[in-house]
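Printed here is query_2.tsv (TSV, C-alpha atoms):
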chain	number	residue	atom	x	y	z
A	18	MET	CA	83.63	139.41	95.59
A	19	ILE	CA	86.31	142.04	95.07
A	20	GLU	CA	85.47	145.74	95.53
A	21	SER	CA	81.98	145.26	96.93
A	22	GLU	CA	81.93	148.91	98.06
A	23	ASN	CA	82.50	150.03	94.50
A	24	ILE	CA	79.76	147.74	93.19
A	25	LEU	CA	77.38	149.00	95.86
A	26	ARG	CA	78.01	152.59	94.80
A	27	ILE	CA	77.54	151.69	91.14
A	28	LEU	CA	74.23	149.92	91.83
A	29	LYS	CA	72.90	152.86	93.86
A	30	GLU	CA	73.84	155.26	91.08
A	31	THR	CA	72.26	152.90	88.55
A	32	LYS	CA	68.96	153.01	90.42
A	33	GLU	CA	69.10	156.80	90.58
A	34	ALA	CA	69.88	157.05	86.88
A	35	ILE	CA	66.90	154.83	86.02
A	36	GLN	CA	64.55	156.83	88.23
A	37	GLN	CA	65.80	160.12	86.78
A	38	ASN	CA	65.67	158.81	83.20
A	39	ASP	CA	69.41	159.59	82.89
A	40	PHE	CA	70.27	156.62	80.72
A	41	SER	CA	73.53	158.01	79.35
A	42	LYS	CA	74.89	157.76	82.89
A	43	LEU	CA	74.39	153.98	82.76
A	44	LYS	CA	77.00	153.69	80.02
A	45	ASP	CA	79.47	155.64	82.13
A	46	LEU	CA	78.75	153.47	85.17
A	47	SER	CA	79.27	150.34	83.12
A	48	ASN	CA	82.63	151.66	81.87
A	49	GLN	CA	83.71	152.30	85.45
A	50	THR	CA	83.15	148.65	86.29
A	51	ILE	CA	85.13	147.54	83.23
A	52	HIS	CA	88.35	149.05	84.60
A	53	SER	CA	88.06	147.06	87.82
A	54	ALA	CA	86.73	143.97	86.03
A	55	SER	CA	89.82	143.96	83.77
A	56	ILE	CA	92.10	143.82	86.79
A	57	SER	CA	90.12	141.68	89.22
A	58	GLN	CA	88.42	139.49	86.56
A	59	ASP	CA	85.86	138.88	89.26
A	60	GLN	CA	82.60	137.41	87.93
A	61	ASP	CA	80.46	139.77	90.03
A	62	ASN	CA	82.22	142.79	88.55
A	63	ILE	CA	81.81	141.41	85.05
A	64	SER	CA	78.17	140.57	85.59
A	65	VAL	CA	77.45	144.09	86.91
A	66	ALA	CA	79.24	145.67	83.93
A	67	VAL	CA	77.26	143.60	81.39
A	68	THR	CA	73.93	144.11	83.17
A	69	ILE	CA	74.22	147.88	83.58
A	70	TYR	CA	75.29	148.31	79.98
A	71	SER	CA	72.32	146.19	78.89
A	72	ILE	CA	69.89	148.21	81.00
A	73	GLY	CA	71.23	151.38	79.38
A	74	LYS	CA	70.68	149.92	75.91
A	75	ILE	CA	67.20	148.69	76.79
A	76	PHE	CA	66.11	152.06	78.19
A	77	ASP	CA	67.53	153.83	75.13
A	78	ARG	CA	64.90	152.07	73.01
A	79	LYS	CA	61.71	154.10	73.41
A	80	ASP	CA	59.65	151.57	71.42
A	81	TYR	CA	60.28	148.83	74.00
A	82	LYS	CA	58.39	150.86	76.60
A	83	SER	CA	55.11	150.54	74.73
A	84	MET	CA	55.43	146.76	74.34
A	85	ASN	CA	53.53	144.15	76.28
A	86	GLY	CA	55.42	143.12	79.39
A	87	TRP	CA	57.37	146.37	79.80
A	88	ASP	CA	55.66	147.46	83.04
A	89	ASN	CA	56.26	144.08	84.59
A	90	PHE	CA	59.90	144.10	83.46
A	91	TYR	CA	60.45	147.60	84.88
A	92	LYS	CA	58.91	146.66	88.23
A	93	MET	CA	61.00	143.48	88.55
A	94	LEU	CA	64.13	145.37	87.55
A	95	LEU	CA	63.78	147.99	90.28
A	96	ASP	CA	62.69	145.42	92.83
A	97	SER	CA	65.75	143.23	92.19
A	98	LEU	CA	68.02	146.25	92.17
A	99	ASP	CA	66.67	147.28	95.61
A	100	LYS	CA	67.19	143.80	96.98
A	101	SER	CA	70.71	143.54	95.50
A	102	ILE	CA	71.66	146.83	97.17
A	103	PHE	CA	70.08	145.71	100.45
A	104	TYR	CA	71.99	142.41	100.57
A	105	LEU	CA	75.24	144.00	99.45
A	106	GLU	CA	74.95	146.50	102.31
A	107	LYS	CA	74.41	143.53	104.65
A	108	LYS	CA	77.45	141.86	103.03
A	109	ASP	CA	75.32	138.81	102.27
A	110	LEU	CA	76.93	137.95	98.94
A	111	ASP	CA	74.93	134.79	98.25
A	112	LYS	CA	71.64	136.64	98.50
A	113	PHE	CA	73.09	139.54	96.52
A	114	ARG	CA	74.00	137.17	93.69
A	115	LEU	CA	70.60	135.55	93.81
A	116	ASN	CA	68.87	138.89	93.48
A	117	PHE	CA	71.30	140.30	90.97
A	118	SER	CA	70.32	137.54	88.61
A	119	PHE	CA	67.02	139.44	88.56
A	120	LEU	CA	67.16	140.19	84.89
A	121	GLY	CA	67.39	136.57	83.92
A	122	LYS	CA	64.23	135.91	85.87
A	123	ALA	CA	62.59	139.09	84.66
A	124	ILE	CA	63.30	138.22	81.04
A	125	ASN	CA	61.84	134.75	81.41
A	126	LYS	CA	58.59	136.24	82.67
A	127	ILE	CA	58.21	138.53	79.66
A	128	SER	CA	56.26	137.17	76.74
A	129	GLY	CA	56.27	138.10	73.07
A	130	LYS	CA	58.78	140.12	71.09
A	131	LEU	CA	60.16	142.10	74.02
A	132	LYS	CA	61.67	138.96	75.54
A	133	GLY	CA	63.65	138.22	72.37
A	134	TYR	CA	64.80	141.83	72.03
A	135	ILE	CA	66.05	141.99	75.60
A	136	GLU	CA	67.81	138.63	75.34
A	137	ASP	CA	69.53	139.94	72.23
A	138	VAL	CA	70.62	143.12	74.04
A	139	PHE	CA	72.20	141.00	76.77
A	140	GLU	CA	74.08	138.79	74.32
A	141	LYS	CA	75.42	141.80	72.43
A	142	ALA	CA	76.33	143.52	75.71
A	143	LYS	CA	78.51	140.55	76.65
A	144	ILE	CA	80.44	140.85	73.40
A	145	SER	CA	80.73	144.62	73.67
A	146	LYS	CA	82.03	144.44	77.25
A	147	ALA	CA	84.39	141.62	76.30
A	148	SER	CA	85.82	143.80	73.58
A	149	ARG	CA	86.39	146.58	76.15
A	150	ILE	CA	88.23	144.18	78.46
A	151	HIS	CA	90.37	143.00	75.53
A	152	GLU	CA	91.05	146.64	74.67
A	153	HIS	CA	92.42	147.06	78.22
A	154	GLY	CA	95.20	144.56	77.41
A	155	ILE	CA	93.70	141.19	78.33
A	156	SER	CA	94.15	138.58	75.59
A	157	LEU	CA	91.36	137.48	73.26
A	158	GLY	CA	91.31	133.94	74.69
A	159	LYS	CA	91.30	135.07	78.31
A	160	THR	CA	88.54	137.61	77.68
A	161	ALA	CA	86.32	135.17	75.77
A	162	SER	CA	86.69	132.67	78.58
A	163	LEU	CA	85.84	135.28	81.26
A	164	LEU	CA	82.66	136.34	79.49
A	165	GLY	CA	81.70	132.86	78.34
A	166	ILE	CA	81.53	133.85	74.69
A	167	SER	CA	82.98	132.34	71.54
A	168	LEU	CA	86.38	133.46	70.27
A	169	TYR	CA	84.82	133.78	66.80
A	170	GLU	CA	82.27	136.30	68.10
A	171	LEU	CA	84.88	138.30	69.93
A	172	ALA	CA	87.37	138.34	67.04
A	173	ASP	CA	84.63	139.42	64.65
A	174	TYR	CA	83.59	142.26	66.96
A	175	THR	CA	87.10	143.49	67.76
A	176	GLY	CA	87.82	143.68	64.04
A	177	SER	CA	85.37	146.56	63.84
A	178	THR	CA	86.98	148.49	66.69
A	179	GLY	CA	90.09	150.67	66.80
A	180	ILE	CA	92.02	148.26	69.05
A	181	ALA	CA	94.64	147.50	66.38
A	182	GLU	CA	95.23	151.22	65.76
A	183	VAL	CA	96.72	151.90	69.20
A	184	ASP	CA	100.33	153.06	68.72
A	185	LEU	CA	101.68	150.78	71.48
A	186	SER	CA	100.34	147.71	69.63
A	187	ARG	CA	103.04	148.13	67.02
A	188	THR	CA	105.90	145.93	68.13
A	189	VAL	CA	107.91	144.91	65.04
A	190	ASP	CA	108.14	146.59	61.63
A	191	GLU	CA	106.44	144.94	58.68
A	192	LYS	CA	109.62	144.25	56.72
A	193	THR	CA	111.01	142.18	59.62
A	194	ARG	CA	107.80	140.26	60.12
A	195	ILE	CA	107.44	139.45	56.42
A	196	LYS	CA	111.04	138.24	56.43
A	197	LEU	CA	110.13	135.71	59.15
A	198	VAL	CA	107.58	134.18	56.78
A	199	GLU	CA	109.92	134.26	53.80
A	200	ASP	CA	112.70	132.60	55.82
A	201	ILE	CA	110.58	129.73	57.04
A	202	PHE	CA	109.28	129.03	53.53
A	203	LYS	CA	112.84	128.89	52.09
B	3	MET	CA	109.71	113.30	59.96
B	4	THR	CA	109.50	115.19	56.67
B	5	SER	CA	111.17	118.39	57.68
B	6	GLN	CA	112.56	120.22	60.64
B	7	LYS	CA	110.34	123.28	60.47
B	8	SER	CA	106.84	124.23	61.50
B	9	ILE	CA	104.29	127.00	61.64
B	10	ILE	CA	102.18	126.96	64.80
B	11	PHE	CA	98.71	128.50	64.48
B	12	ASP	CA	96.89	129.96	67.42
B	13	ALA	CA	93.10	130.31	67.45
B	14	SER	CA	93.03	133.99	66.49
B	15	SER	CA	94.98	133.53	63.23
B	16	LEU	CA	92.87	130.54	62.17
B	17	ILE	CA	89.68	132.45	62.98
B	18	SER	CA	90.70	135.44	60.80
B	19	LEU	CA	91.53	133.12	57.89
B	20	SER	CA	88.45	130.98	58.41
B	21	MET	CA	85.95	133.83	58.70
B	22	ASN	CA	87.25	135.15	55.39
B	23	GLY	CA	87.02	131.74	53.74
B	24	LEU	CA	90.76	131.63	52.98
B	25	TYR	CA	90.98	127.84	53.23
B	26	ASP	CA	92.38	127.28	49.73
B	27	GLU	CA	95.05	129.88	50.39
B	28	LEU	CA	96.03	127.95	53.51
B	29	ARG	CA	96.04	124.69	51.53
B	30	ASN	CA	98.24	126.25	48.85
B	31	LEU	CA	100.63	127.61	51.44
B	32	LYS	CA	100.93	124.14	52.97
B	33	LYS	CA	101.60	122.55	49.57
B	34	ASN	CA	104.51	124.94	49.20
B	35	PHE	CA	105.85	124.37	52.69
B	36	ASP	CA	108.25	121.59	53.43
B	37	GLY	CA	107.20	121.23	57.03
B	38	HIS	CA	104.17	121.12	59.33
B	39	PHE	CA	101.29	123.46	60.12
B	40	LEU	CA	100.60	122.68	63.77
B	41	ILE	CA	97.80	123.34	66.21
B	42	THR	CA	97.75	122.34	69.87
B	43	ARG	CA	94.85	120.45	71.45
B	44	GLU	CA	93.82	123.63	73.29
B	45	VAL	CA	93.61	125.52	70.00
B	46	LYS	CA	91.67	122.62	68.45
B	47	SER	CA	89.11	122.99	71.24
B	48	GLU	CA	88.86	126.73	70.60
B	49	VAL	CA	88.46	126.58	66.84
B	50	ILE	CA	86.77	123.20	66.30
B	51	ASP	CA	85.37	121.37	69.33
B	52	ASN	CA	83.69	124.31	71.11
B	53	PRO	CA	82.30	126.15	68.07
B	54	LEU	CA	80.86	122.88	66.74
B	55	GLN	CA	78.28	123.33	69.51
B	56	ILE	CA	77.39	126.85	68.31
B	57	LYS	CA	75.21	126.88	65.19
B	58	LYS	CA	76.47	130.31	64.08
B	59	PHE	CA	80.08	129.08	63.87
B	60	LYS	CA	79.57	125.44	63.03
B	61	LEU	CA	80.54	125.94	59.38
B	62	GLU	CA	83.89	127.50	60.31
B	63	ALA	CA	84.51	124.69	62.80
B	64	LEU	CA	83.73	122.04	60.17
B	65	ASN	CA	85.95	123.73	57.59
B	66	ILE	CA	88.91	123.84	59.99
B	67	SER	CA	88.16	120.26	61.01
B	68	ALA	CA	88.42	119.30	57.33
B	69	LEU	CA	91.89	120.89	57.23
B	70	LEU	CA	92.87	118.64	60.10
B	71	ASP	CA	91.46	115.57	58.31
B	72	GLU	CA	93.46	116.48	55.19
B	73	LYS	CA	96.58	116.90	57.33
B	74	ILE	CA	96.94	120.51	56.23
B	75	LEU	CA	96.84	121.19	59.95
B	76	GLU	CA	98.38	118.62	62.26
B	77	LEU	CA	98.63	117.99	65.96
B	78	PRO	CA	102.14	118.08	67.49
B	79	GLU	CA	102.03	114.27	67.91
B	80	CYS	CA	103.12	114.09	64.25
B	81	LEU	CA	106.52	115.29	65.47
B	82	GLY	CA	106.56	113.04	68.49
B	83	ILE	CA	105.56	115.86	70.83
B	84	PHE	CA	102.81	114.75	73.14
B	85	GLU	CA	100.12	116.47	75.16
B	86	LYS	CA	101.79	115.86	78.52
B	87	GLU	CA	104.93	117.75	77.55
B	88	ILE	CA	103.00	120.69	76.09
B	89	SER	CA	100.60	120.87	79.07
B	90	LYS	CA	103.46	120.96	81.56
B	91	LYS	CA	105.23	123.78	79.77
B	92	SER	CA	101.95	125.64	79.06
B	93	GLY	CA	101.08	125.58	82.75
B	94	GLU	CA	104.46	127.02	83.71
B	95	LEU	CA	104.20	129.76	81.08
B	96	LEU	CA	100.61	130.57	82.02
B	97	ASP	CA	101.60	130.99	85.67
B	98	ASN	CA	104.42	133.26	84.61
B	99	ALA	CA	102.39	135.34	82.15
B	100	ASN	CA	99.57	135.79	84.62
B	101	SER	CA	101.81	136.90	87.46
B	102	THR	CA	104.04	139.25	85.46
B	103	PHE	CA	101.89	142.39	85.60
B	104	LYS	CA	100.62	143.73	88.90
B	105	GLU	CA	98.47	146.58	90.11
B	106	GLY	CA	99.62	146.94	93.70
B	107	ASP	CA	99.52	143.40	95.07
B	108	ARG	CA	97.00	142.17	92.53
B	109	THR	CA	98.24	140.17	89.58
B	110	ILE	CA	96.56	140.77	86.24
B	111	HIS	CA	95.73	137.60	84.33
B	112	ILE	CA	96.45	138.49	80.73
B	113	LEU	CA	96.65	135.16	78.84
B	114	ASP	CA	94.65	131.94	78.51
B	115	LEU	CA	95.76	128.35	78.03
B	116	GLY	CA	95.24	128.28	74.25
B	117	GLU	CA	97.63	131.15	73.70
B	118	THR	CA	100.29	129.86	76.10
B	119	SER	CA	100.10	126.37	74.58
B	120	CYS	CA	101.34	127.84	71.27
B	121	ILE	CA	104.26	129.55	72.98
B	122	ALA	CA	105.00	126.34	74.89
B	123	LEU	CA	105.02	124.35	71.65
B	124	SER	CA	107.29	126.91	69.99
B	125	LYS	CA	109.77	126.62	72.86
B	126	ILE	CA	109.67	122.81	72.77
B	127	LEU	CA	110.27	122.78	69.01
B	128	THR	CA	113.17	125.23	69.37
B	129	GLU	CA	114.72	123.07	72.09
B	130	LYS	CA	114.50	120.11	69.70
B	131	GLY	CA	116.16	122.13	66.95
B	132	ILE	CA	112.99	122.47	64.89
B	133	LYS	CA	112.76	125.90	63.26
B	134	ASN	CA	109.36	127.47	63.85
B	135	ILE	CA	107.22	130.60	63.82
B	136	VAL	CA	103.90	131.22	65.55
B	137	ALA	CA	100.91	132.75	63.72
B	138	VAL	CA	99.08	134.91	66.26
B	139	ASP	CA	96.57	137.59	65.27
B	140	GLU	CA	95.65	138.72	68.75
B	141	ARG	CA	97.53	141.59	70.27
B	142	THR	CA	98.32	140.74	73.90
B	143	THR	CA	100.33	137.56	73.26
B	144	ARG	CA	102.32	139.33	70.56
B	145	MET	CA	103.05	142.32	72.79
B	146	LEU	CA	104.11	140.12	75.70
B	147	CYS	CA	106.59	138.27	73.48
B	148	GLU	CA	107.89	141.23	71.50
B	149	LYS	CA	107.52	144.36	73.64
B	150	PRO	CA	106.34	143.68	77.19
B	151	ASP	CA	107.17	147.28	78.07
B	152	ASN	CA	104.53	148.43	75.59
B	153	LEU	CA	102.03	146.05	77.21
B	154	LYS	CA	102.80	147.60	80.61
B	155	LYS	CA	102.23	151.08	79.15
B	156	LEU	CA	98.99	149.95	77.50
B	157	LEU	CA	97.67	148.49	80.74
B	158	GLU	CA	98.58	151.71	82.57
B	159	ARG	CA	96.95	153.87	79.93
B	160	LYS	CA	93.73	151.87	79.81
B	161	LEU	CA	93.38	151.04	83.49
B	162	HIS	CA	94.43	154.51	84.67
B	163	THR	CA	96.72	153.06	87.29
B	164	ARG	CA	100.38	152.30	87.88
B	165	ILE	CA	101.40	148.81	86.75
B	166	ASN	CA	104.53	147.01	87.89
B	167	TYR	CA	105.96	144.16	85.92
B	168	ASP	CA	108.51	141.47	86.47
B	169	LYS	CA	111.04	141.80	83.65
B	170	ILE	CA	112.69	138.50	84.53
B	171	LYS	CA	109.45	136.61	83.95
B	172	THR	CA	108.98	138.18	80.52
B	173	LYS	CA	112.33	136.72	79.41
B	174	GLN	CA	110.58	133.35	79.02
B	175	PHE	CA	108.55	134.85	76.19
B	176	GLN	CA	111.42	136.49	74.35
B	177	GLY	CA	112.67	135.04	71.10
B	178	ILE	CA	109.32	133.64	70.00
B	179	LYS	CA	108.96	134.46	66.31
B	180	ILE	CA	105.49	135.83	65.67
B	181	VAL	CA	103.69	136.51	62.40
B	182	ARG	CA	100.02	137.19	61.70
B	183	SER	CA	97.60	135.85	59.14
B	184	SER	CA	98.24	139.12	57.26
B	185	GLU	CA	101.91	138.28	56.62
B	186	LEU	CA	101.03	134.72	55.60
B	187	ILE	CA	98.49	135.99	53.07
B	188	TYR	CA	100.92	138.67	51.91
B	189	PHE	CA	103.42	135.90	51.17
B	190	ALA	CA	100.74	133.74	49.51
B	191	ASN	CA	99.74	136.66	47.29
B	192	LYS	CA	103.35	137.38	46.38
B	193	LYS	CA	103.94	133.73	45.43
B	194	ASP	CA	100.70	133.51	43.38
B	195	LEU	CA	99.15	131.09	45.86
B	196	THR	CA	95.95	133.09	46.26
B	197	LYS	CA	92.86	132.72	44.09
B	198	LEU	CA	92.65	136.46	43.57
B	199	LYS	CA	95.89	137.96	42.30
B	200	GLY	CA	97.62	141.32	42.34
B	201	LYS	CA	97.97	144.40	44.48
B	202	GLN	CA	94.25	145.17	44.63
B	203	ALA	CA	93.54	141.67	45.88
B	204	LEU	CA	96.28	142.01	48.48
B	205	GLU	CA	94.70	145.18	49.80
B	206	ALA	CA	91.32	143.45	49.93
B	207	PHE	CA	92.77	140.43	51.78
B	208	LEU	CA	94.49	142.60	54.38
B	209	TYR	CA	91.43	144.74	55.10
B	210	ALA	CA	89.25	141.61	55.29
B	211	LEU	CA	91.62	139.96	57.78
B	212	LYS	CA	91.71	143.14	59.87
B	213	SER	CA	87.91	143.29	59.92
B	214	LYS	CA	87.75	139.76	61.35
B	215	GLY	CA	90.10	140.42	64.23
B	216	CYS	CA	93.67	140.37	62.88
B	217	SER	CA	95.42	142.99	64.96
B	218	ILE	CA	97.03	145.00	62.17
B	219	SER	CA	96.79	148.77	61.86
B	220	PHE	CA	95.86	150.75	58.73
B	221	GLU	CA	99.42	152.12	58.73
B	222	GLU	CA	100.86	148.59	58.70
B	223	ILE	CA	98.53	147.61	55.85
B	224	ASP	CA	99.73	150.62	53.84
B	225	GLU	CA	103.33	149.62	54.59
B	226	MET	CA	102.69	146.07	53.35
B	227	ILE	CA	101.11	147.33	50.15
B	228	ARG	CA	104.11	149.59	49.54
B	229	LEU	CA	106.49	146.68	50.13
B	230	ASN	CA	104.62	144.51	47.60
As structure tokens:
Amino acid sequence: MIESENILRILKETKEAIQQNDFSKLKDLSNQTIHSASISQDQDNISVAVTIYSIGKIFDRKDYKSMNGWDNFYKMLLDSLDKSIFYLEKKDLDKFRLNFSFLGKAINKISGKLKGYIEDVFEKAKISKASRIHEHGISLGKTASLLGISLYELADYTGSTGIAEVDLSRTVDEKTRIKLVEDIFK
Amino acid sequence: MTSQKSIIFDASSLISLSMNGLYDELRNLKKNFDGHFLITREVKSEVIDNPLQIKKFKLEALNISALLDEKILELPECLGIFEKEISKKSGELLDNANSTFKEGDRTIHILDLGETSCIALSKILTEKGIKNIVAVDERTTRMLCEKPDNLKKLLERKLHTRINYDKIKTKQFQGIKIVRSSELIYFANKKDLTKLKGKQALEAFLYALKSKGCSISFEEIDEMIRLN
């Protein structure tokens, strides 16, 4: 794992944010991991970014909290977060990874509609975080491969963002580019 | 060999066209092109083989697969260029692209094999004297080939850190002629090869392509409409 100190800090702040009901902070924490994930492309960094963003989205939905299985989900979430922090402090990365996969296990134990909703949040979080990594200058193909998502999904999502509007993206004027097409069709 | 010219499609350009259902436009363009529309095996995996396993994108995969069956799209073997040659060059280019930009000692991996395979094929075709352009809708590959300095600035701006880059390595990517699905559809519209005709249709095509991932700005769309 690259930048384990940074991940440790992020996880501790995530726990605090959950306990203080400061869910907007989760988005900020997730964004912080995206910068380092774009450079390191380390799977732990990426996994933390996706998970924290998902937790933020899940806690934003007040209606989820009244659904069957919520209490259990909340308990497992905090428990796994504690254990992940504990093993990261001990520098035991294998056990950290095992415990950080807490949400996968927690989701599987939830029954009913909540399970489907949370799975959906996680899938969408992957695409959203992928789009952020692409926005940082990593190609569409590389990003899709890092996040394990389809290029179709990523292209569709990025089309609704402002990525193409960035001034630096403009590399050749339109007249020149159109001429390339006209020339090859001659 | 029918002709000494080709258009190479990367996954992003085919995805923009496919998700907008512009298959007939692609067929009509091919009918009016005395050459080959090529995809590499890596791109085939990205737009056909892998999405065939995903129900949500199976239709797009099947439609592009049909284009391959009809020989609208072809593999480079049709020009006597085989996988081994492309893989070798792709590997070299991938190593170069992914070691060009650095944050301190850390290299930033910016491209994937699908994208570099298109550049590799373009270079091989050029070496063989076959005129070619590459249709790429995604931004990073285009910036690396056309303005690597802008890519450096973008990485610095987004990552909030100083980025160093090896200008010598970027020379391998210079001279690649890149267009997007937007310019191909612009041309198709101009030559009456689209089902929907006229300026209004052009505007609709360009916005639709943008919404499905073609990296074109609103300003560039306006410029294209003015040029029409």
Exercise for the section: Counting all atoms listed in the file, write as an NGL selection string all protein and nucleic acid residues lying at most 9 Å from (96.5, 146.8, 63.3) in the file's frame. Expected result: (:A and (179-183 or 186-187)) or (:B and (141 or 212 or 216-223))
Writer output for current selection, C-alpha atoms, as a short mmCIF file (atom, residue, chain, number, x, y, z; two decimals), in the frame of the given file:
data_model
loop_
_atom_site.label_atom_id
_atom_site.label_comp_id
_atom_site.auth_asym_id
_atom_site.auth_seq_id
_atom_site.Cartn_x
_atom_site.Cartn_y
_atom_site.Cartn_z
CA GLY A 179 90.09 150.67 66.80
CA ILE A 180 92.02 148.26 69.05
CA ALA A 181 94.64 147.50 66.38
CA GLU A 182 95.23 151.22 65.76
CA VAL A 183 96.72 151.90 69.20
CA SER A 186 100.34 147.71 69.63
CA ARG A 187 103.04 148.13 67.02
CA ARG B 141 97.53 141.59 70.27
CA LYS B 212 91.71 143.14 59.87
CA CYS B 216 93.67 140.37 62.88
CA SER B 217 95.42 142.99 64.96
CA ILE B 218 97.03 145.00 62.17
CA SER B 219 96.79 148.77 61.86
CA PHE B 220 95.86 150.75 58.73
CA GLU B 221 99.42 152.12 58.73
CA GLU B 222 100.86 148.59 58.70
CA ILE B 223 98.53 147.61 55.85
#
Exercise for the section: To one decimal in Å, tell me the separation between atom CA of Asp194 of chain B and atom CA of Asp71 of chain B. Expected result: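 Straight-line distance from atom CA of Asp194 of chain B to atom CA of Asp71 of chain B works out to 25.1 Å.
We find atom CA of Glu22 of chain A and atom CA of Ile35 of chain A to be spaced 20.1 Å apart.
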Practice task
Write out as a list in words which residues come within 12 Å of Tyr104 of chain A when counting only C-alpha atoms, dropping same-chain ones fewer than 2 positions away.
Solution key: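 Within the cut-off, the hits are Ser21, Ile24, Leu25, Leu28, Ser97, Leu98, Asp99, Lys100, Ser101, Ile102, Glu106, Lys107, Lys108, Asp109, Leu110, Asp111, Lys112, Phe113, Arg114, Leu115, Asn116 and Phe117 of chain A.
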Practice task
Output as a count of residues only the set of chain A residues within 10 Å of chain B, with distances taken over only C-alpha atoms.
Solution key: 60
Fill in the blank from the handout: With distances taken over all atoms listed in the file, the candidate from B:Ser67, B:Ser124, B:Asn230, B:Asn22 nearest Ile88 of chain B is B:Ser124
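As for atom CA of Ser145 of chain A and atom CA of Tyr70 of chain A, they are spaced 9.1 Å apart.
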Problem - Shortest interatomic distance to Val138 of chain A - which of A:Ile27, A:Met84, A:Ile69, A:Leu95, counting all atoms listed in the file - result: A:Ile69
Practice task
Considering only C-alpha atoms, return as number ranges by chain whatever protein or nucleic-acid residues lie within 7 Å of segment 121-132 of chain A, sequence-local ones (same chain, fewer than 3 positions apart) excluded.
Solution key: A: 81, 84, 86, 90, 93, 118, 135-136
Exercise for the section: Point out the residue among A:Val67, A:Asn23, A:Phe103, A:Asp88 with the least atom-to-atom distance to Lys146 of chain A, counting all atoms listed in the file. Expected result: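 The closest residue to Lys146 of chain A is A:Val67.
Here the question is which of B:Ser92, B:Leu54, B:Lys199, B:Lys46 gets nearest to Leu70 of chain B using all atoms listed in the file, and that residue is B:Lys46.
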